[in-house]
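entry-v4.txt (compact mmCIF, C-alpha atoms) appears below.
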```txt
# COMPACT_ATOMS: atom_id res chain seq x y z
CA MET K 742 25.12 20.55 17.79
CA ILE K 743 26.03 21.64 14.25
CA ALA K 744 22.99 19.77 12.92
CA GLY K 745 20.77 21.53 15.45
CA MET K 746 22.15 24.94 14.45
CA THR K 747 21.54 24.09 10.79
CA MET K 748 17.97 23.06 11.51
CA ARG K 749 17.29 26.31 13.34
CA ARG K 750 18.96 28.31 10.58
CA ILE K 751 16.64 26.98 7.85
CA GLY K 752 13.66 27.51 10.13
CA VAL K 753 12.31 23.92 10.10
CA PRO K 754 11.84 22.32 13.55
CA ALA K 755 14.27 19.53 14.31
CA ARG K 756 11.41 17.14 15.02
CA ASP K 757 10.00 17.72 11.54
CA LEU K 758 13.34 17.15 9.85
CA ILE K 759 13.83 13.91 11.78
CA CYS K 760 10.29 12.87 10.82
CA MET K 761 10.99 13.58 7.13
CA ALA K 762 14.30 11.73 7.26
CA ALA K 763 12.67 8.73 8.94
CA PHE K 764 10.01 8.59 6.23
CA GLN K 765 12.65 8.71 3.49
CA SER K 766 14.50 5.92 5.32
CA PHE K 767 11.29 3.88 5.52
CA LEU K 768 10.95 4.10 1.75
CA VAL K 769 14.59 3.19 1.15
CA PHE K 770 14.28 0.17 3.45
CA ALA K 771 11.09 -0.95 1.67
CA TYR K 772 12.43 -0.53 -1.86
CA PHE K 773 16.07 -1.55 -1.49
CA VAL K 774 16.61 -3.83 1.55
CA SER K 775 15.44 -7.42 1.36
CA LYS K 776 13.28 -9.72 3.45
CA ASN K 777 13.22 -9.66 7.28
CA THR K 778 15.96 -7.07 7.62
CA SER K 779 13.84 -4.71 5.57
CA ALA K 780 10.76 -5.35 7.72
CA LYS K 781 12.63 -4.62 10.94
CA LEU K 782 14.12 -1.42 9.55
CA MET K 783 10.74 -0.30 8.17
CA ILE K 784 9.19 -0.75 11.60
CA ALA K 785 12.07 1.12 13.26
CA ALA K 786 11.59 4.03 10.84
CA LEU K 787 7.88 4.19 11.63
CA VAL K 788 8.66 4.20 15.35
CA VAL K 789 10.95 7.20 14.82
CA VAL K 790 8.23 9.00 12.83
CA VAL K 791 5.70 8.52 15.64
CA ALA K 792 8.28 9.36 18.32
CA THR K 793 8.72 12.83 16.80
CA ASP K 794 5.05 13.61 17.47
CA ALA K 795 5.12 15.94 20.48
CA THR K 796 1.30 16.16 20.47
CA LEU K 797 0.59 12.43 20.59
CA PHE K 798 -0.15 12.28 24.31
CA ARG K 799 -1.16 15.92 24.72
CA GLU K 800 -3.94 16.25 22.17
CA ARG K 801 -6.99 14.19 21.42
CA LEU K 802 -6.66 12.16 18.25
CA PRO K 803 -9.00 13.08 15.38
CA ARG K 804 -12.21 11.06 15.33
CA ALA K 805 -11.36 9.36 12.04
CA VAL K 806 -7.94 8.29 13.34
CA MET K 807 -9.54 6.92 16.51
CA ALA K 808 -12.11 5.10 14.37
CA GLY K 809 -9.31 3.55 12.31
CA LEU K 810 -7.49 2.37 15.43
CA ILE K 811 -10.73 0.94 16.83
CA GLY K 812 -11.40 -0.87 13.53
CA VAL K 813 -7.96 -2.48 13.55
CA ALA K 814 -8.38 -3.36 17.24
CA ALA K 815 -11.76 -4.96 16.52
CA PHE K 816 -10.19 -7.18 13.90
CA GLY K 817 -7.37 -7.99 16.30
CA LEU K 818 -9.84 -9.04 18.99
CA TRP K 819 -11.74 -11.20 16.52
CA SER K 820 -8.48 -12.88 15.54
CA VAL K 821 -7.90 -13.70 19.23
CA VAL K 822 -11.20 -15.61 19.16
CA GLY K 823 -9.93 -17.61 16.20
CA LEU K 824 -6.61 -18.31 17.90
CA ILE K 825 -8.41 -19.61 20.98
CA VAL K 826 -10.95 -21.71 19.06
CA ASN K 827 -8.20 -23.29 16.96
CA ALA K 828 -6.00 -23.83 20.05
CA ILE K 829 -3.06 -22.02 18.46
CA PRO K 830 -0.05 -21.85 20.81
CA TRP K 831 0.76 -18.27 21.79
CA SER K 832 4.32 -18.80 20.59
CA ARG K 833 2.93 -19.05 17.05
CA ALA K 834 0.24 -16.44 17.53
CA GLY K 835 2.69 -13.67 18.41
CA GLU K 836 3.24 -12.44 14.83
CA THR K 837 -0.50 -12.33 14.20
CA MET K 838 -1.11 -10.10 17.21
CA ALA K 839 2.00 -8.01 16.52
CA SER K 840 0.75 -7.30 12.99
CA PHE K 841 -2.34 -5.52 14.37
CA LEU K 842 -0.24 -3.47 16.80
CA LEU K 843 2.01 -2.45 13.91
CA LEU K 844 -0.97 -1.32 11.84
CA GLY K 845 -1.86 0.99 14.72
CA LEU K 846 1.69 2.32 14.44
CA VAL K 847 1.21 2.91 10.70
CA ILE K 848 -2.00 4.88 11.33
CA LEU K 849 -0.27 7.07 13.92
CA ALA K 850 2.69 7.53 11.58
CA GLY K 851 0.37 8.73 8.82
CA ARG K 852 -1.05 11.37 11.15
CA ARG K 853 2.43 12.55 12.07
CA LEU K 854 3.64 12.64 8.47
CA LEU K 855 0.76 14.88 7.44
CA ALA K 856 1.80 17.29 10.19
CA CYS K 857 5.49 17.41 9.21
CA CYS K 858 5.36 16.86 5.44
CA ASP K 859 3.41 18.32 2.56
CA MET K 860 1.59 15.72 0.46
CA ARG K 861 3.59 16.83 -2.55
CA LEU K 862 6.78 15.94 -0.71
CA ILE K 863 5.29 12.57 0.23
CA TYR K 864 4.27 11.84 -3.36
CA LEU K 865 7.62 12.94 -4.79
CA SER K 866 9.50 10.88 -2.21
CA ILE K 867 7.57 7.73 -3.11
CA ILE K 868 8.02 8.35 -6.84
CA ALA K 869 11.73 9.18 -6.63
CA ILE K 870 12.77 6.27 -4.41
CA ALA K 871 10.56 3.78 -6.26
CA CYS K 872 11.99 5.04 -9.55
CA LEU K 873 15.57 4.54 -8.33
CA SER K 874 14.68 1.06 -7.08
CA ALA K 875 13.08 0.19 -10.43
CA LEU K 876 16.11 1.44 -12.32
CA ALA K 877 18.53 -0.44 -10.05
CA SER K 878 16.41 -3.60 -10.23
CA VAL K 879 16.39 -3.60 -14.02
CA MET K 880 20.11 -2.84 -14.28
CA LEU K 881 21.01 -5.59 -11.79
CA HIS K 882 18.69 -7.99 -13.62
CA LEU K 883 20.49 -7.35 -16.91
CA ALA K 884 23.94 -7.39 -15.28
CA GLU K 885 23.23 -10.89 -13.97
CA GLY K 886 22.84 -12.06 -17.58
CA GLN K 887 19.06 -12.21 -17.64
CA GLY K 888 17.18 -10.84 -20.61
CA TRP K 889 14.41 -8.30 -21.02
CA GLY K 890 11.96 -11.18 -21.39
CA ASP K 891 13.01 -12.93 -18.18
CA ARG K 892 10.85 -12.26 -15.15
CA LEU K 893 12.14 -9.46 -12.94
CA VAL K 894 12.30 -9.81 -9.16
CA PRO K 895 12.62 -6.23 -7.87
CA LEU K 896 14.89 -5.17 -5.05
CA GLY K 897 13.31 -4.54 -1.69
CA ARG K 898 11.28 -6.14 1.06
CA PRO K 899 9.26 -8.80 -0.83
CA GLY K 900 11.91 -10.72 -2.79
CA ASN K 901 8.99 -11.59 -5.04
CA SER K 902 7.78 -10.23 -8.38
CA ILE K 903 4.12 -9.68 -7.45
CA PRO K 904 4.39 -7.50 -4.31
CA GLY K 905 7.46 -5.89 -5.88
CA ALA K 906 5.31 -4.79 -8.81
CA ALA K 907 2.72 -3.46 -6.35
CA GLY K 908 5.38 -1.26 -4.79
CA PHE K 909 6.04 0.35 -8.16
CA CYS K 910 2.29 0.65 -8.86
CA ILE K 911 1.71 2.83 -5.80
CA ALA K 912 4.36 5.18 -7.18
CA LEU K 913 2.36 5.38 -10.42
CA ILE K 914 -0.75 6.16 -8.36
CA ALA K 915 1.17 8.88 -6.51
CA ALA K 916 2.21 10.33 -9.90
CA ALA K 917 -1.41 10.33 -11.07
CA ALA K 918 -2.48 12.09 -7.87
CA LEU K 919 0.26 14.67 -8.42
CA MET K 920 -0.83 15.34 -12.00
CA ARG K 921 -4.58 15.21 -11.38
CA GLY K 922 -4.71 16.85 -7.97
CA ASP K 923 -4.62 20.47 -6.86
CA PHE K 924 -0.92 20.93 -7.64
CA ALA K 925 0.46 23.48 -10.07
CA LEU K 926 3.41 21.75 -11.75
CA SER K 927 5.84 23.63 -13.94
CA ARG K 928 6.95 22.24 -17.30
CA VAL K 929 10.27 21.12 -15.81
CA GLN K 930 8.50 19.33 -12.95
CA LYS K 931 6.12 17.62 -15.38
CA ALA K 932 9.04 16.55 -17.59
CA LEU K 933 10.91 15.08 -14.60
CA LEU K 934 7.76 13.31 -13.46
CA LEU K 935 7.14 11.77 -16.87
CA THR K 936 10.79 10.72 -17.08
CA ALA K 937 10.48 8.92 -13.74
CA LEU K 938 7.55 6.93 -15.11
CA VAL K 939 9.72 5.21 -17.71
CA PRO K 940 11.73 2.94 -15.36
CA LEU K 941 8.65 2.40 -13.18
CA LEU K 942 6.51 1.18 -16.08
CA THR K 943 9.40 -0.84 -17.49
CA ALA K 944 9.95 -2.61 -14.18
CA VAL K 945 6.24 -3.33 -13.69
CA VAL K 946 5.99 -4.93 -17.15
CA MET K 947 9.19 -6.92 -16.59
CA THR K 948 7.78 -8.45 -13.39
CA GLN K 949 5.16 -10.08 -15.64
CA SER K 950 2.74 -9.73 -12.71
CA ARG K 951 -0.65 -9.72 -14.40
CA GLY K 952 -2.80 -9.05 -11.33
CA PRO K 953 -1.03 -5.86 -10.20
CA MET K 954 -0.91 -4.57 -13.79
CA ILE K 955 -4.64 -4.96 -14.33
CA ALA K 956 -5.42 -3.59 -10.87
CA ALA K 957 -3.22 -0.55 -11.48
CA ALA K 958 -4.71 0.09 -14.92
CA VAL K 959 -8.23 0.23 -13.47
CA ALA K 960 -7.15 2.42 -10.55
CA LEU K 961 -5.28 4.88 -12.78
CA ALA K 962 -8.19 5.07 -15.23
CA ALA K 963 -10.56 5.83 -12.34
CA MET K 964 -8.23 8.52 -11.01
CA LEU K 965 -7.70 10.25 -14.35
CA ALA K 966 -11.32 10.06 -15.51
CA PRO K 967 -13.31 13.34 -15.42
CA TRP K 968 -15.59 12.33 -12.58
CA ARG K 969 -15.81 12.65 -8.83
CA LEU K 970 -15.13 9.45 -6.92
CA SER K 971 -18.22 9.43 -4.70
CA SER K 972 -18.49 6.79 -1.97
CA GLY K 973 -20.86 4.65 -4.06
CA ARG K 974 -18.72 4.86 -7.18
CA LEU K 975 -15.58 4.14 -5.15
CA ALA K 976 -17.11 1.03 -3.57
CA ALA K 977 -18.34 -0.20 -6.95
CA LEU K 978 -14.96 0.34 -8.61
CA ALA K 979 -13.05 -1.36 -5.80
CA LEU K 980 -15.26 -4.45 -5.83
CA ALA K 981 -15.36 -4.48 -9.64
CA ASN K 982 -11.56 -4.41 -9.73
CA TRP K 983 -11.39 -7.37 -7.37
CA ALA K 984 -14.01 -9.21 -9.43
CA LEU K 985 -12.16 -8.43 -12.68
CA VAL K 986 -8.81 -9.83 -11.52
CA THR K 987 -10.46 -12.80 -9.80
CA GLY K 988 -12.61 -13.46 -12.87
CA LEU K 989 -9.60 -13.38 -15.20
CA VAL K 990 -8.00 -16.10 -13.08
CA PHE K 991 -11.09 -18.27 -13.69
CA ALA K 992 -10.86 -17.44 -17.40
CA ASP K 993 -7.12 -18.15 -17.52
CA PRO K 994 -7.28 -21.58 -19.22
CA TYR K 995 -9.65 -20.26 -21.91
CA LEU K 996 -7.63 -17.07 -22.51
CA ARG K 997 -4.37 -18.98 -22.83
CA SER K 998 -5.95 -21.37 -25.34
CA LEU K 999 -6.88 -18.34 -27.46
CA PHE K 1000 -3.70 -16.26 -27.29
CA CYS K 1001 -0.79 -18.45 -26.14
CA THR K 1002 1.37 -21.01 -27.89
CA ASP K 1003 3.55 -21.87 -24.87
CA GLN K 1004 3.55 -21.52 -21.09
CA ALA K 1005 6.25 -18.89 -20.77
CA SER K 1006 6.20 -15.28 -19.60
CA PHE K 1007 2.69 -13.82 -19.52
CA CYS K 1008 1.32 -17.14 -20.75
CA ARG K 1009 2.40 -19.12 -17.70
CA PRO K 1010 -0.54 -21.01 -16.18
CA SER K 1011 -2.06 -19.80 -12.92
CA GLU K 1012 -2.35 -22.32 -10.10
CA ARG K 1013 -4.82 -20.22 -8.15
CA LEU K 1014 -7.96 -22.14 -9.11
CA GLN K 1015 -6.63 -25.22 -7.34
CA ILE K 1016 -5.66 -23.11 -4.32
CA TRP K 1017 -9.10 -21.48 -4.17
CA GLY K 1018 -10.64 -24.94 -4.13
CA TRP K 1019 -8.68 -25.62 -0.94
CA VAL K 1020 -9.91 -22.30 0.46
CA VAL K 1021 -13.55 -23.20 -0.14
CA GLU K 1022 -13.06 -26.57 1.58
CA ASN K 1023 -11.48 -24.91 4.62
CA VAL K 1024 -14.16 -22.22 4.86
CA ALA K 1025 -16.84 -24.91 4.80
CA LYS K 1026 -15.14 -26.59 7.78
CA HIS K 1027 -14.43 -23.39 9.74
CA PRO K 1028 -17.03 -20.80 8.63
CA ILE K 1029 -17.19 -18.75 11.84
CA SER K 1030 -13.77 -18.42 13.47
CA GLY K 1031 -11.64 -19.26 10.42
CA LEU K 1032 -8.24 -20.89 10.59
CA THR K 1033 -6.30 -17.73 11.65
CA PRO K 1034 -3.37 -16.27 9.67
CA VAL K 1035 -0.91 -18.79 11.09
CA TYR K 1036 -2.43 -21.50 8.89
CA ARG K 1037 -0.56 -22.55 5.76
CA PHE K 1038 -1.33 -25.08 3.04
CA THR K 1039 0.98 -28.08 2.94
CA ASP K 1040 2.16 -27.21 -0.60
CA SER K 1041 5.71 -25.84 -0.28
CA ILE K 1042 5.15 -23.20 -3.02
CA PHE K 1043 1.43 -22.38 -2.97
CA ASN K 1044 0.96 -22.15 0.78
CA HIS K 1045 -1.56 -19.29 1.11
CA PRO K 1046 -4.90 -18.36 -0.56
CA HIS K 1047 -3.57 -15.78 -3.10
CA ASN K 1048 -6.78 -13.75 -2.80
CA GLY K 1049 -7.47 -11.04 -0.26
CA LEU K 1050 -11.21 -11.53 0.23
CA LEU K 1051 -11.08 -15.34 0.06
CA GLY K 1052 -8.05 -15.31 2.35
CA THR K 1053 -9.80 -13.06 4.85
CA MET K 1054 -12.75 -15.47 4.87
CA MET K 1055 -10.47 -18.48 5.40
CA PHE K 1056 -8.30 -16.84 8.08
CA PHE K 1057 -11.00 -14.88 9.96
CA GLY K 1058 -14.21 -16.67 8.99
CA VAL K 1059 -17.27 -15.28 7.24
CA PRO K 1060 -17.79 -12.70 10.05
CA GLY K 1061 -14.25 -11.45 9.40
CA LEU K 1062 -15.01 -10.92 5.72
CA VAL K 1063 -18.23 -9.08 6.58
CA LEU K 1064 -16.32 -6.88 9.04
CA LEU K 1065 -13.63 -6.13 6.44
CA LEU K 1066 -16.17 -5.12 3.79
CA GLY K 1067 -18.09 -3.06 6.33
CA LEU K 1068 -14.96 -1.19 7.40
CA ALA K 1069 -14.02 -0.65 3.75
CA PHE K 1070 -17.46 0.81 2.99
CA VAL K 1071 -17.31 3.19 5.98
CA TYR K 1072 -13.79 4.21 4.94
CA GLY K 1073 -15.01 4.83 1.38
CA ARG K 1074 -17.67 7.20 2.71
CA HIS K 1075 -15.00 8.99 4.70
CA LEU K 1076 -12.86 9.35 1.58
CA SER K 1077 -15.62 11.12 -0.31
CA GLY K 1078 -15.15 14.11 2.00
CA ARG K 1079 -11.37 14.36 1.68
CA SER K 1080 -9.64 16.96 -0.49
CA GLY K 1081 -8.19 16.30 -3.93
CA GLU K 1082 -4.67 16.25 -2.53
CA ILE K 1083 -5.24 13.17 -0.39
CA GLY K 1084 -8.65 11.83 -1.36
CA LEU K 1085 -7.70 11.07 -4.95
CA PHE K 1086 -4.50 9.26 -3.95
CA ALA K 1087 -6.20 7.26 -1.20
CA SER K 1088 -9.12 6.39 -3.50
CA GLY K 1089 -6.78 5.17 -6.23
CA ALA K 1090 -4.83 3.15 -3.67
CA LEU K 1091 -8.03 1.54 -2.38
CA ILE K 1092 -9.22 0.60 -5.88
CA PHE K 1093 -5.78 -0.79 -6.67
CA SER K 1094 -5.59 -2.73 -3.39
CA PHE K 1095 -8.92 -4.46 -4.01
CA GLY K 1096 -7.82 -5.38 -7.52
CA TYR K 1097 -4.49 -6.60 -6.18
CA MET K 1098 -6.38 -8.74 -3.67
CA GLY K 1099 -7.99 -10.50 -6.62
CA SER K 1100 -4.82 -12.57 -6.99
CA ASP K 1101 -2.67 -11.91 -3.92
CA LEU K 1102 -2.44 -10.35 -0.42
CA SER K 1103 -4.17 -13.24 1.32
CA ASN K 1104 -4.18 -11.34 4.62
CA PRO K 1105 -4.61 -7.54 4.37
CA PHE K 1106 -3.50 -7.30 8.03
CA ALA K 1107 -0.24 -9.19 7.50
CA PHE K 1108 3.19 -8.32 8.88
CA ALA K 1109 5.21 -5.44 7.43
CA ASN K 1110 5.52 -5.67 3.65
CA MET K 1111 4.73 -3.58 0.56
CA HIS K 1112 1.02 -3.45 1.45
CA TYR K 1113 2.04 -0.93 4.11
CA LEU K 1114 2.81 1.38 1.19
CA PHE K 1115 -0.06 0.72 -1.18
CA LEU K 1116 -2.84 0.01 1.33
CA TRP K 1117 -2.20 1.13 4.89
CA LEU K 1118 -0.26 4.38 4.56
CA PRO K 1119 -2.85 5.83 2.14
CA ILE K 1120 -5.52 4.81 4.68
CA ALA K 1121 -3.52 6.50 7.44
CA PHE K 1122 -3.19 9.72 5.41
CA ALA K 1123 -6.90 9.80 4.60
CA LEU K 1124 -7.93 9.17 8.22
CA ALA K 1125 -5.71 11.98 9.47
CA ALA K 1126 -6.61 14.48 6.75
CA PRO K 1127 -9.11 17.28 7.42
CA SER K 1128 -11.95 17.61 4.97
CA GLY K 1129 -12.19 19.64 1.79
CA HIS K 1130 -10.91 23.20 1.77
CA ALA K 1131 -9.15 22.93 5.13
CA SER K 1132 -6.82 20.25 3.77
CA GLN K 1133 -6.00 22.27 0.67
CA THR K 1134 -5.24 25.37 2.74
CA ALA K 1135 -3.01 23.41 5.12
CA GLY K 1136 -1.17 21.78 2.22
CA ALA K 1137 -0.52 25.11 0.53
CA ALA K 1138 0.77 26.59 3.79
CA ALA K 1139 3.09 23.63 4.32
CA ARG K 1140 4.52 23.95 0.81
CA GLN K 1141 5.19 27.64 1.24
CA SER K 1142 6.79 27.04 4.63
CA ILE K 1143 9.13 24.29 3.39
CA ALA K 1144 10.03 26.10 0.18
CA GLY K 1145 10.43 29.51 1.77
CA LYS K 1146 12.45 28.47 4.81
CA SER K 1147 14.75 26.04 3.05
CA GLY K 1148 15.16 28.06 -0.12
CA ASN K 1149 14.03 25.09 -2.26
CA ARG K 1150 11.46 26.24 -4.80
CA PHE K 1151 10.92 22.78 -6.29
CA PHE K 1152 8.24 22.10 -3.69
CA ALA K 1153 6.63 25.53 -3.94
```

Output the file's structure in the form of structure tokens.
Amino acid sequence: MIAGMTMRRIGVPARDLICMAAFQSFLVFAYFVSKNTSAKLMIAALVVVVATDATLFRERLPRAVMAGLIGVAAFGLWSVVGLIVNAIPWSRAGETMASFLLLGLVILAGRRLLACCDMRLIYLSIIAIACLSALASVMLHLAEGQGWGDRLVPLGRPGNSIPGAAGFCIALIAAAALMRGDFALSRVQKALLLTALVPLLTAVVMTQSRGPMIAAAVALAAMLAPWRLSSGRLAALALANWALVTGLVFADPYLRSLFCTDQASFCRPSERLQIWGWVVENVAKHPISGLTPVYRFTDSIFNHPHNGLLGTMMFFGVPGLVLLLGLAFVYGRHLSGRSGEIGLFASGALIFSFGYMGSDLSNPFAFANMHYLFLWLPIAFALAAPSGHASQTAGAAARQSIAGKSGNRFFA
């Protein structure tokens, strides 16, 4: 009752405050809680976000949101074909099908978050919580007696250096969108933002995750360059980023012979060429239906393709890869009409995601993990966002409403 009176007093609807709190919780669960517990809590937070949407069953969904849901459903139906062809027991197929349902939940959550939160609040939330996670991860790493040169495994859902680094990279992309977008930041806000970048960059470097670092560098350069990310340029940059990271894996033995004297740290050898050989063999045997995402290599350590496009082809067949690229191209055209507030962030996230898929994220449709943050939530925001000037006007109105009603001028 007291909480309800407080909500009414500051003039923000209770549903919106619950939505905002659920989103903050989602980020905390992703960046601080580990493994399966994190995934369950992340999903629960997204359910709460969607549950606060009073218009969900009363209003027609925007065409782009419906298109996104249909695209995910199409991939889900194609995966059913693969499950049937490969005679996968439904007891094992459950997680595969659930992953597509959850992506629908993410898309609906993105629509709701745009209605209850200003994009500036979303960006700042990602940056702040990722920054705290990076700082805590580094401090815990050093407290355990490990050195600055030892590989960092960040806190949070993955329990792995590579996707952990990707979680910090999306915070860097959010920071770039905040600095490059249509936001007027004061000197104090810029100083705080630059300060937050220090632990984020430190943690990314300490993960020694080469793929995410290269992918993020290309994405950030594209975002900060003085050009407009048209649909053609966006598609070219995304594919080029994937090709760059993938190509550097092929060049790994030669590059190490030039620059490395041992096999430690950034000079550790990549085992992906051997894995990709297995992928090619499997695609040749199952070119149409694929092997489905339940398939794993027999190697206890390297048990998945470690490449998003190659993995999609192995799991969903060549038609699955064609469908993925087709959906990505259509989405890229959609992005070209979004405003600077959302379009720039979503474009940077897409370029980064393709680069990241050059060495990891074997299944872009996988169960809840950090790719929800760096791939699917940006997609959800972009699908739900109105075009051009309308988005900027709505964002400005939301900032003024939050700042004015709560008395907090930081978001104004």

### Query
Closest to Gln1015 (chain K) among K:Asp1040, K:Gly988, K:Ala815, K:Tyr995, using all atoms listed in the file?
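So, comparing all the options, the nearest one is K:Asp1040.
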
### Residues near region 849-857 of chain K, cut-off 8 Å, only C-alpha atoms, skip fewer than 6 positions along chain, as a VMD selection string
chain K and resid 757 to 758 760 to 761 764 787 to 788 790 to 791 793 to 794 806 1118 to 1119 1121 to 1122 1124 to 1126

### Task
Determine the nearest neighbour of Ser1006 (chain K) from the options K:Arg898, K:Leu1032, K:Gly888, K:Gly1061, counting all atoms listed in the file.
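The closest residue to Ser1006 (chain K) is K:Gly888.
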
### Spatial neighbours of Phe1095 (chain K), 7 Å, only C-alpha atoms, chain gap at least 6 places, as a list in words
Ala979, Leu980, Asn982 and Trp983 of chain K

Deliver the residues from the most recent selection as a file, using C-alpha atoms, as a compact mmCIF listing (two decimals), keeping the file's coordinate frame.
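The file below, result_26.txt, is the result:
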```txt
# COMPACT_ATOMS: atom_id res chain seq x y z
CA ALA K 979 -13.05 -1.36 -5.80
CA LEU K 980 -15.26 -4.45 -5.83
CA ASN K 982 -11.56 -4.41 -9.73
CA TRP K 983 -11.39 -7.37 -7.37
```

### Message
Report, in Å with one decimal, the straight-line distance from CA of Arg1013 (chain K) to CA of Leu1050 (chain K).
### Response
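Straight-line distance from CA of Arg1013 (chain K) to CA of Leu1050 (chain K) works out to 13.7 Å.
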
### Summary
Counting only C-alpha atoms, closest pick from K:Val879, K:Val826, K:Ala1069, K:Met947 relative to Phe1007 (chain K) is K:Met947

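Proximity of K:Thr1039, K:Thr1002, K:Ser1100, K:Asn1044 to Met954 (chain K), computed with all atoms listed in the file, is greatest for K:Ser1100.
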
## Note on the structure
From CA of Gly908 (chain K) to CA of Pro1034 (chain K) the spacing works out at 22.6 Å

### Query
What is the CA of Gly809 (chain K)-CA of Leu797 (chain K) distance in Å, reported with one decimal?
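A separation of 15.7 Å between them.
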
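Counting all atoms listed in the file, the residue from K:Phe1086, K:Phe991, K:Trp819, K:Tyr864 that sits nearest to Ala960 (chain K) is K:Phe1086.
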